[in-house]
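Contents: one structure, followed by commentary.
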Amino acid sequence: MSMTCSTACVDCRAWAPEVGFGGYLGVPSLSAERLSDDPEELPFGFLYEPLEKLGLRTYDLEAFKAFLIRHNGHRVYTFGDSIPVEFKEMALVDSTEAPTQREELVDDADFEELFYQLECLSCGETYRAPDEAWLRSFDRRDIPQHTIDLYLERLGSLCPDDGWNYRLEPVVNPYLEFIEHLPDFLKAHRSHHVQAKLVR
Ligand SMILES: [Zn+2]
Ligand SMILES: [Zn+2]
């Protein structure tokens, strides 16, 4: 059986929406600061910012971000097989008890199930996700060089095995080809006119 990860706020006794297939992205903090060189200690905010700027705002990452905003400053933990001691002390988690309530803080109407695509207007090349994803809608947008640099710096160099992610859904899953080769496209067209859009 596969491990799944859950996130909850101890102070509010509230469970976060699941990220991907029972996974996570970073530690549950909105901070965009690199607080450590350990990839396992990178905050959600640090890892999510480049995805957000590229337009890769998946429903579950957006829902998770909304949870972190609501519980900012509270004691929020992500855990897998081992339950944090704070949860045991507060009897928030009983190993036989499933999470009772998950907060849904985003509006379905703001999302569409479409293909994510990058296009270089200078070269005419495109780079498209192989499957549709449930993403926050946006109009065609320019992807400036500083956004490409931000992505390459924060996510381009991370190894998927280093514990900063687990079971993310396909369009942002670093083990799948789309994200694996995204840095190649971004590097090749870094100083060109790149746009992102959602297509049918
Ligand atoms: Zn809270
Ligand atoms: Zn180009």
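Simple scheme: letters A, B, ... for chains in structure tokens order, numbers from 1 for residues in each chain, numbers from 1 for ligands in the order shown.
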What are the nearest atom pairs, with distances in Å to one decimal, for all residues of range 8-74 of chain A that come at most 8 Å from range 104-122 of chain A, using only C-alpha atoms, set out by chain and rising residue number as a tab-separated table?
residue	atom	partner	partner_atom	distance
A:Pro17	CA	A:Glu104	CA	6.7
A:Leu56	CA	A:Tyr116	CA	7.6
A:Tyr59	CA	A:Phe111	CA	7.0
A:Glu62	CA	A:Val106	CA	7.2
A:Ala63	CA	A:Val106	CA	5.6
A:Ala66	CA	A:Leu105	CA	6.0
A:Phe67	CA	A:Leu105	CA	6.9
Go ahead and write the residues just picked, C-alpha atoms, as a compact mmCIF listing (two decimals), in the first residue's frame.
# COMPACT_ATOMS: atom_id res chain seq x y z
CA PRO A 17 -7.28 19.64 0.83
CA LEU A 56 0.74 26.10 -13.77
CA TYR A 59 -6.71 23.19 -8.65
CA GLU A 62 -4.44 26.54 -5.39
CA ALA A 63 -6.74 24.95 -2.83
CA ALA A 66 -5.80 28.96 0.15
CA PHE A 67 -5.63 26.68 3.20
Give one line per residue of chain A that approaches ligand 1 to at most 10 Å, naming the two atoms of the closest pair and their distance in Å to one decimal, counting only C-alpha atoms and all ligand atoms; sort by chain then ascending residue number and deliver it as a Markdown table.
| residue | atom | partner | partner_atom_place_in_ligand_line | distance |
| --- | --- | --- | --- | --- |
| A:Ala8 | CA | ligand 1 | 1 (Zn) | 8.1 |
| A:Cys9 | CA | ligand 1 | 1 (Zn) | 4.7 |
| A:Val10 | CA | ligand 1 | 1 (Zn) | 6.6 |
| A:Asp11 | CA | ligand 1 | 1 (Zn) | 5.0 |
| A:Cys12 | CA | ligand 1 | 1 (Zn) | 4.2 |
| A:Arg13 | CA | ligand 1 | 1 (Zn) | 7.0 |
| A:Ala14 | CA | ligand 1 | 1 (Zn) | 6.7 |
| A:Trp15 | CA | ligand 1 | 1 (Zn) | 9.2 |
| A:Ala16 | CA | ligand 1 | 1 (Zn) | 9.8 |
| A:Phe67 | CA | ligand 1 | 1 (Zn) | 8.5 |
| A:Leu68 | CA | ligand 1 | 1 (Zn) | 8.4 |
| A:Ile69 | CA | ligand 1 | 1 (Zn) | 9.4 |
| A:Arg70 | CA | ligand 1 | 1 (Zn) | 6.8 |
| A:His71 | CA | ligand 1 | 1 (Zn) | 4.0 |
| A:Asn72 | CA | ligand 1 | 1 (Zn) | 7.2 |
| A:Gly73 | CA | ligand 1 | 1 (Zn) | 7.8 |
| A:His74 | CA | ligand 1 | 1 (Zn) | 5.0 |
| A:Arg75 | CA | ligand 1 | 1 (Zn) | 6.9 |
| A:Val76 | CA | ligand 1 | 1 (Zn) | 7.1 |
Counting only C-alpha atoms and all ligand atoms, which residues in chain A sit no more than 9 Å from ligand 2? For each one, give the nearest pair of atoms and the distance in Å, sorted by chain then residue number, as JSON lines.
{"residue": "A:Glu119", "atom": "CA", "partner": "ligand 2", "partner_atom_place_in_ligand_line": "1 (Zn)", "distance": 8.1}
{"residue": "A:Cys120", "atom": "CA", "partner": "ligand 2", "partner_atom_place_in_ligand_line": "1 (Zn)", "distance": 4.7}
{"residue": "A:Leu121", "atom": "CA", "partner": "ligand 2", "partner_atom_place_in_ligand_line": "1 (Zn)", "distance": 6.6}
{"residue": "A:Ser122", "atom": "CA", "partner": "ligand 2", "partner_atom_place_in_ligand_line": "1 (Zn)", "distance": 4.9}
{"residue": "A:Cys123", "atom": "CA", "partner": "ligand 2", "partner_atom_place_in_ligand_line": "1 (Zn)", "distance": 4.2}
{"residue": "A:Gly124", "atom": "CA", "partner": "ligand 2", "partner_atom_place_in_ligand_line": "1 (Zn)", "distance": 6.9}
{"residue": "A:Glu125", "atom": "CA", "partner": "ligand 2", "partner_atom_place_in_ligand_line": "1 (Zn)", "distance": 6.6}
{"residue": "A:Thr126", "atom": "CA", "partner": "ligand 2", "partner_atom_place_in_ligand_line": "1 (Zn)", "distance": 9.0}
{"residue": "A:Phe185", "atom": "CA", "partner": "ligand 2", "partner_atom_place_in_ligand_line": "1 (Zn)", "distance": 8.5}
{"residue": "A:Leu186", "atom": "CA", "partner": "ligand 2", "partner_atom_place_in_ligand_line": "1 (Zn)", "distance": 8.9}
{"residue": "A:Ala188", "atom": "CA", "partner": "ligand 2", "partner_atom_place_in_ligand_line": "1 (Zn)", "distance": 6.6}
{"residue": "A:His189", "atom": "CA", "partner": "ligand 2", "partner_atom_place_in_ligand_line": "1 (Zn)", "distance": 4.1}
{"residue": "A:Arg190", "atom": "CA", "partner": "ligand 2", "partner_atom_place_in_ligand_line": "1 (Zn)", "distance": 7.4}
{"residue": "A:Ser191", "atom": "CA", "partner": "ligand 2", "partner_atom_place_in_ligand_line": "1 (Zn)", "distance": 7.6}
{"residue": "A:His192", "atom": "CA", "partner": "ligand 2", "partner_atom_place_in_ligand_line": "1 (Zn)", "distance": 5.0}
{"residue": "A:His193", "atom": "CA", "partner": "ligand 2", "partner_atom_place_in_ligand_line": "1 (Zn)", "distance": 6.7}
{"residue": "A:Val194", "atom": "CA", "partner": "ligand 2", "partner_atom_place_in_ligand_line": "1 (Zn)", "distance": 7.1}
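The interatomic distance for the pair CA of Leu135 in chain A and CA of Asn173 in chain A works out to 14.1 Å.
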Taking the DSSP assignment computed from this structure's backbone, write out as a ChimeraX atom specification all residues of range 68-189 of chain A that belong to strand (DSSP E or B). /A:76-79,102,111-120,126-128,133-136,141-143,165-166
Quick check, in Å to one decimal: how far apart do CA of Arg34 in chain A and CA of Gly163 in chain A lie? 15.1 Å
Who sits within 12 Å of Leu61 in chain A, only C-alpha atoms, same chain under 6 positions skipped, as a compact mmCIF listing (two decimals) with N, CA and C atoms, in the first residue's frame:
# COMPACT_ATOMS: atom_id res chain seq x y z
N ALA A 16 -6.33 20.07 5.57
CA ALA A 16 -6.14 20.74 4.28
C ALA A 16 -6.65 19.84 3.15
N PRO A 17 -6.97 20.46 2.00
CA PRO A 17 -7.28 19.64 0.83
C PRO A 17 -6.04 18.82 0.45
N GLU A 18 -6.25 17.66 -0.13
CA GLU A 18 -5.10 16.83 -0.53
C GLU A 18 -4.40 17.44 -1.73
N VAL A 19 -3.10 17.32 -1.75
CA VAL A 19 -2.31 17.77 -2.89
C VAL A 19 -1.98 16.56 -3.75
N GLY A 20 -2.37 16.60 -5.02
CA GLY A 20 -2.08 15.48 -5.92
C GLY A 20 -2.74 14.21 -5.41
N PHE A 21 -2.02 13.10 -5.58
CA PHE A 21 -2.56 11.80 -5.16
C PHE A 21 -2.07 11.48 -3.75
N GLY A 23 -0.32 13.63 -1.80
CA GLY A 23 1.07 14.08 -1.69
C GLY A 23 1.20 15.47 -1.12
N TYR A 24 2.33 16.10 -1.43
CA TYR A 24 2.60 17.43 -0.92
C TYR A 24 3.59 18.12 -1.83
N LEU A 25 3.74 19.41 -1.63
CA LEU A 25 4.81 20.17 -2.29
C LEU A 25 5.45 21.01 -1.19
N GLY A 26 6.65 20.65 -0.79
CA GLY A 26 7.37 21.41 0.24
C GLY A 26 6.74 21.29 1.61
N PRO A 28 4.63 22.90 4.73
CA PRO A 28 3.43 23.74 4.62
C PRO A 28 3.61 25.16 5.14
N LEU A 30 3.86 29.40 3.52
CA LEU A 30 3.76 30.29 2.35
C LEU A 30 5.07 31.03 2.08
N PHE A 44 6.56 25.45 0.75
CA PHE A 44 5.59 25.42 -0.35
C PHE A 44 5.65 26.72 -1.16
N GLY A 45 5.64 27.86 -0.48
CA GLY A 45 5.63 29.15 -1.17
C GLY A 45 6.82 29.34 -2.09
N LEU A 47 8.52 26.92 -3.62
CA LEU A 47 8.42 26.01 -4.75
C LEU A 47 7.26 26.37 -5.67
N TYR A 48 6.20 26.92 -5.09
CA TYR A 48 5.00 27.19 -5.88
C TYR A 48 5.10 28.47 -6.69
N GLU A 49 5.86 29.44 -6.22
CA GLU A 49 5.91 30.73 -6.91
C GLU A 49 6.28 30.62 -8.40
N LEU A 51 5.87 28.05 -10.40
CA LEU A 51 4.76 27.38 -11.09
C LEU A 51 3.63 28.37 -11.32
N GLU A 52 3.34 29.14 -10.29
CA GLU A 52 2.27 30.14 -10.36
C GLU A 52 2.56 31.15 -11.48
N GLY A 55 1.86 29.98 -14.85
CA GLY A 55 0.44 29.66 -15.12
C GLY A 55 0.10 28.23 -14.80
N PHE A 67 -5.65 27.21 1.84
CA PHE A 67 -5.63 26.68 3.20
C PHE A 67 -4.51 27.31 4.01
N LEU A 68 -3.32 27.41 3.39
CA LEU A 68 -2.17 28.01 4.10
C LEU A 68 -2.42 29.49 4.39
N GLU A 104 -12.60 23.42 1.64
CA GLU A 104 -12.55 23.75 0.21
C GLU A 104 -12.68 25.26 0.10
N LEU A 105 -11.60 25.90 -0.30
CA LEU A 105 -11.55 27.36 -0.24
C LEU A 105 -11.42 28.02 -1.60
N VAL A 106 -11.49 27.23 -2.66
CA VAL A 106 -11.41 27.84 -3.99
C VAL A 106 -12.69 27.52 -4.77
N TRP A 134 -6.43 20.34 -14.69
CA TRP A 134 -7.43 21.21 -14.10
C TRP A 134 -6.68 22.42 -13.55
N LEU A 135 -6.69 23.52 -14.35
CA LEU A 135 -5.85 24.68 -14.03
C LEU A 135 -6.68 25.96 -13.89
N ARG A 136 -6.19 26.87 -13.07
CA ARG A 136 -6.84 28.17 -12.95
C ARG A 136 -6.76 28.87 -14.31
N LEU A 168 2.66 14.35 -6.70
CA LEU A 168 1.96 15.46 -7.33
C LEU A 168 1.24 14.96 -8.58
N GLU A 169 0.17 15.65 -8.94
CA GLU A 169 -0.58 15.23 -10.12
C GLU A 169 0.25 15.49 -11.39
N VAL A 171 0.50 17.10 -14.38
CA VAL A 171 1.07 18.26 -15.07
C VAL A 171 2.23 18.90 -14.29
N VAL A 172 2.25 18.74 -12.99
CA VAL A 172 3.36 19.29 -12.20
C VAL A 172 4.22 18.20 -11.54
N ASN A 173 3.98 16.96 -11.91
CA ASN A 173 4.74 15.85 -11.33
C ASN A 173 6.16 15.82 -11.92
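If you look at CA of Ser137 in chain A and CA of Leu198 in chain A, they are 7.6 Å away from each other.
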So which bits of range 16-179 of chain A end up alpha helix (DSSP H) when you DSSP the backbone, as JSON, numbers by chain? {"A": [44, 45, 46, 47, 48, 49, 50, 51, 52, 53, 54, 59, 60, 61, 62, 63, 64, 65, 66, 67, 68, 69, 70, 85, 86, 87, 88, 89, 145, 146, 147, 148, 149, 150, 151, 177, 178, 179]}
Export of prior selection with N, CA and C atoms as an mmCIF file, in the first residue's frame:
data_model
loop_
_atom_site.group_PDB
_atom_site.id
_atom_site.type_symbol
_atom_site.label_atom_id
_atom_site.label_comp_id
_atom_site.auth_asym_id
_atom_site.auth_seq_id
_atom_site.Cartn_x
_atom_site.Cartn_y
_atom_site.Cartn_z
ATOM 1 N N PHE A 44 6.556 25.454 0.747
ATOM 2 C CA PHE A 44 5.586 25.423 -0.345
ATOM 3 C C PHE A 44 5.651 26.718 -1.159
ATOM 4 N N GLY A 45 5.641 27.862 -0.476
ATOM 5 C CA GLY A 45 5.631 29.154 -1.170
ATOM 6 C C GLY A 45 6.825 29.342 -2.091
ATOM 7 N N PHE A 46 7.963 28.853 -1.674
ATOM 8 C CA PHE A 46 9.202 28.943 -2.447
ATOM 9 C C PHE A 46 9.093 28.115 -3.730
ATOM 10 N N LEU A 47 8.517 26.921 -3.615
ATOM 11 C CA LEU A 47 8.417 26.008 -4.752
ATOM 12 C C LEU A 47 7.262 26.370 -5.672
ATOM 13 N N TYR A 48 6.198 26.915 -5.094
ATOM 14 C CA TYR A 48 4.999 27.186 -5.879
ATOM 15 C C TYR A 48 5.101 28.471 -6.695
ATOM 16 N N GLU A 49 5.857 29.437 -6.224
ATOM 17 C CA GLU A 49 5.914 30.735 -6.910
ATOM 18 C C GLU A 49 6.283 30.618 -8.403
ATOM 19 N N PRO A 50 7.324 29.849 -8.762
ATOM 20 C CA PRO A 50 7.625 29.734 -10.195
ATOM 21 C C PRO A 50 6.527 29.033 -10.995
ATOM 22 N N LEU A 51 5.872 28.051 -10.401
ATOM 23 C CA LEU A 51 4.763 27.380 -11.093
ATOM 24 C C LEU A 51 3.626 28.374 -11.324
ATOM 25 N N GLU A 52 3.339 29.142 -10.292
ATOM 26 C CA GLU A 52 2.272 30.141 -10.357
ATOM 27 C C GLU A 52 2.558 31.149 -11.478
ATOM 28 N N LYS A 53 3.807 31.608 -11.563
ATOM 29 C CA LYS A 53 4.149 32.626 -12.566
ATOM 30 C C LYS A 53 4.118 32.082 -13.983
ATOM 31 N N LEU A 54 4.326 30.767 -14.120
ATOM 32 C CA LEU A 54 4.218 30.162 -15.453
ATOM 33 C C LEU A 54 2.762 29.884 -15.824
ATOM 34 N N TYR A 59 -5.637 23.014 -9.629
ATOM 35 C CA TYR A 59 -6.707 23.188 -8.648
ATOM 36 C C TYR A 59 -6.237 22.834 -7.244
ATOM 37 N N ASP A 60 -5.572 21.697 -7.117
ATOM 38 C CA ASP A 60 -5.251 21.266 -5.747
ATOM 39 C C ASP A 60 -4.126 22.096 -5.118
ATOM 40 N N LEU A 61 -3.205 22.580 -5.938
ATOM 41 C CA LEU A 61 -2.185 23.475 -5.366
ATOM 42 C C LEU A 61 -2.806 24.815 -4.953
ATOM 43 N N GLU A 62 -3.755 25.296 -5.741
ATOM 44 C CA GLU A 62 -4.440 26.542 -5.391
ATOM 45 C C GLU A 62 -5.269 26.371 -4.113
ATOM 46 N N ALA A 63 -5.927 25.214 -4.021
ATOM 47 C CA ALA A 63 -6.738 24.947 -2.830
ATOM 48 C C ALA A 63 -5.850 24.832 -1.593
ATOM 49 N N PHE A 64 -4.685 24.215 -1.787
ATOM 50 C CA PHE A 64 -3.754 24.072 -0.666
ATOM 51 C C PHE A 64 -3.202 25.435 -0.252
ATOM 52 N N LYS A 65 -2.885 26.257 -1.242
ATOM 53 C CA LYS A 65 -2.393 27.607 -0.934
ATOM 54 C C LYS A 65 -3.449 28.393 -0.141
ATOM 55 N N ALA A 66 -4.713 28.262 -0.556
ATOM 56 C CA ALA A 66 -5.795 28.964 0.150
ATOM 57 C C ALA A 66 -5.880 28.500 1.606
ATOM 58 N N PHE A 67 -5.647 27.207 1.837
ATOM 59 C CA PHE A 67 -5.634 26.679 3.202
ATOM 60 C C PHE A 67 -4.505 27.313 4.011
ATOM 61 N N LEU A 68 -3.317 27.411 3.391
ATOM 62 C CA LEU A 68 -2.167 28.009 4.104
ATOM 63 C C LEU A 68 -2.417 29.488 4.393
ATOM 64 N N ILE A 69 -3.094 30.189 3.496
ATOM 65 C CA ILE A 69 -3.421 31.600 3.745
ATOM 66 C C ILE A 69 -4.378 31.698 4.942
ATOM 67 N N ARG A 70 -5.406 30.846 4.937
ATOM 68 C CA ARG A 70 -6.373 30.891 6.037
ATOM 69 C C ARG A 70 -5.728 30.554 7.383
ATOM 70 N N VAL A 85 3.871 14.519 17.186
ATOM 71 C CA VAL A 85 3.552 14.389 18.603
ATOM 72 C C VAL A 85 2.473 15.397 19.027
ATOM 73 N N GLU A 86 2.483 16.567 18.415
ATOM 74 C CA GLU A 86 1.467 17.576 18.759
ATOM 75 C C GLU A 86 0.055 17.060 18.482
ATOM 76 N N PHE A 87 -0.063 16.270 17.416
ATOM 77 C CA PHE A 87 -1.388 15.745 17.070
ATOM 78 C C PHE A 87 -1.839 14.722 18.097
ATOM 79 N N LYS A 88 -0.870 13.910 18.523
ATOM 80 C CA LYS A 88 -1.217 12.873 19.501
ATOM 81 C C LYS A 88 -1.614 13.516 20.820
ATOM 82 N N GLU A 89 -0.818 14.526 21.221
ATOM 83 C CA GLU A 89 -1.099 15.185 22.500
ATOM 84 C C GLU A 89 -2.479 15.826 22.509
ATOM 85 N N GLN A 145 11.796 36.825 -19.053
ATOM 86 C CA GLN A 145 13.045 36.125 -18.735
ATOM 87 C C GLN A 145 13.216 35.924 -17.218
ATOM 88 N N HIS A 146 12.790 36.912 -16.417
ATOM 89 C CA HIS A 146 13.008 36.749 -14.961
ATOM 90 C C HIS A 146 12.137 35.630 -14.383
ATOM 91 N N THR A 147 10.989 35.372 -15.021
ATOM 92 C CA THR A 147 10.164 34.240 -14.579
ATOM 93 C C THR A 147 10.841 32.922 -14.953
ATOM 94 N N ILE A 148 11.408 32.879 -16.167
ATOM 95 C CA ILE A 148 12.145 31.673 -16.592
ATOM 96 C C ILE A 148 13.331 31.430 -15.651
ATOM 97 N N ASP A 149 14.042 32.489 -15.329
ATOM 98 C CA ASP A 149 15.198 32.348 -14.424
ATOM 99 C C ASP A 149 14.760 31.873 -13.039
ATOM 100 N N LEU A 150 13.626 32.394 -12.575
ATOM 101 C CA LEU A 150 13.110 31.983 -11.266
ATOM 102 C C LEU A 150 12.789 30.486 -11.269
ATOM 103 N N TYR A 151 12.139 30.037 -12.331
ATOM 104 C CA TYR A 151 11.798 28.614 -12.433
ATOM 105 C C TYR A 151 13.064 27.756 -12.456
ATOM 106 N N GLU A 177 7.635 13.290 -17.952
ATOM 107 C CA GLU A 177 8.422 13.927 -18.998
ATOM 108 C C GLU A 177 8.178 15.421 -19.147
ATOM 109 N N PHE A 178 6.935 15.832 -18.981
ATOM 110 C CA PHE A 178 6.632 17.249 -19.215
ATOM 111 C C PHE A 178 7.460 18.161 -18.309
ATOM 112 N N ILE A 179 7.486 17.865 -17.014
ATOM 113 C CA ILE A 179 8.264 18.701 -16.089
ATOM 114 C C ILE A 179 9.759 18.390 -16.206
#
Residue contacts of range 157-160 of chain A (10 Å, only C-alpha atoms) excluding same-chain residues fewer than 3 positions away, as a CSV table (one decimal) with N, CA and C atoms, in the first residue's frame:
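Output contents, as saved in part-v2.csv:
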chain,number,residue,atom,x,y,z
A,39,PRO,N,16.8,20.2,0.5
A,39,PRO,CA,15.6,20.2,-0.4
A,39,PRO,C,14.3,19.8,0.4
A,151,TYR,N,12.1,30.0,-12.3
A,151,TYR,CA,11.8,28.6,-12.4
A,151,TYR,C,13.1,27.8,-12.5
A,152,LEU,N,14.0,28.1,-13.3
A,152,LEU,CA,15.2,27.3,-13.5
A,152,LEU,C,16.0,27.3,-12.2
A,153,GLU,N,16.1,28.4,-11.5
A,153,GLU,CA,16.8,28.5,-10.2
A,153,GLU,C,16.2,27.7,-9.1
A,154,ARG,N,14.9,27.8,-9.0
A,154,ARG,CA,14.2,27.1,-7.8
A,154,ARG,C,13.8,25.7,-8.1
A,163,GLY,N,12.8,14.6,-1.9
A,163,GLY,CA,11.9,14.7,-0.8
A,163,GLY,C,11.2,16.1,-0.7
A,164,TRP,N,11.2,16.9,-1.7
A,164,TRP,CA,10.5,18.2,-1.7
A,164,TRP,C,9.1,18.0,-2.3
A,165,ASN,N,8.8,16.8,-2.8
A,165,ASN,CA,7.5,16.6,-3.4
A,165,ASN,C,7.1,15.2,-3.2
A,166,TYR,N,5.9,14.9,-3.3
A,166,TYR,CA,5.5,13.5,-3.3
A,166,TYR,C,4.1,13.4,-3.9
A,173,ASN,N,4.0,17.0,-11.9
A,173,ASN,CA,4.7,15.8,-11.3
A,173,ASN,C,6.2,15.8,-11.9
A,174,PRO,N,7.2,16.0,-11.1
A,174,PRO,CA,8.5,16.1,-11.6
A,174,PRO,C,9.1,14.8,-12.2
A,175,TYR,N,8.4,13.7,-11.9
A,175,TYR,CA,8.9,12.4,-12.4
A,175,TYR,C,8.5,12.2,-13.9
A,176,LEU,N,7.5,13.0,-14.3
A,176,LEU,CA,7.0,12.8,-15.7
A,176,LEU,C,7.7,13.7,-16.7
A,180,GLU,N,10.1,17.1,-16.5
A,180,GLU,CA,11.5,16.8,-16.6
A,180,GLU,C,12.2,17.6,-17.7
A,183,PRO,N,12.7,22.5,-18.2
A,183,PRO,CA,13.8,23.4,-18.2
A,183,PRO,C,14.6,23.5,-19.5
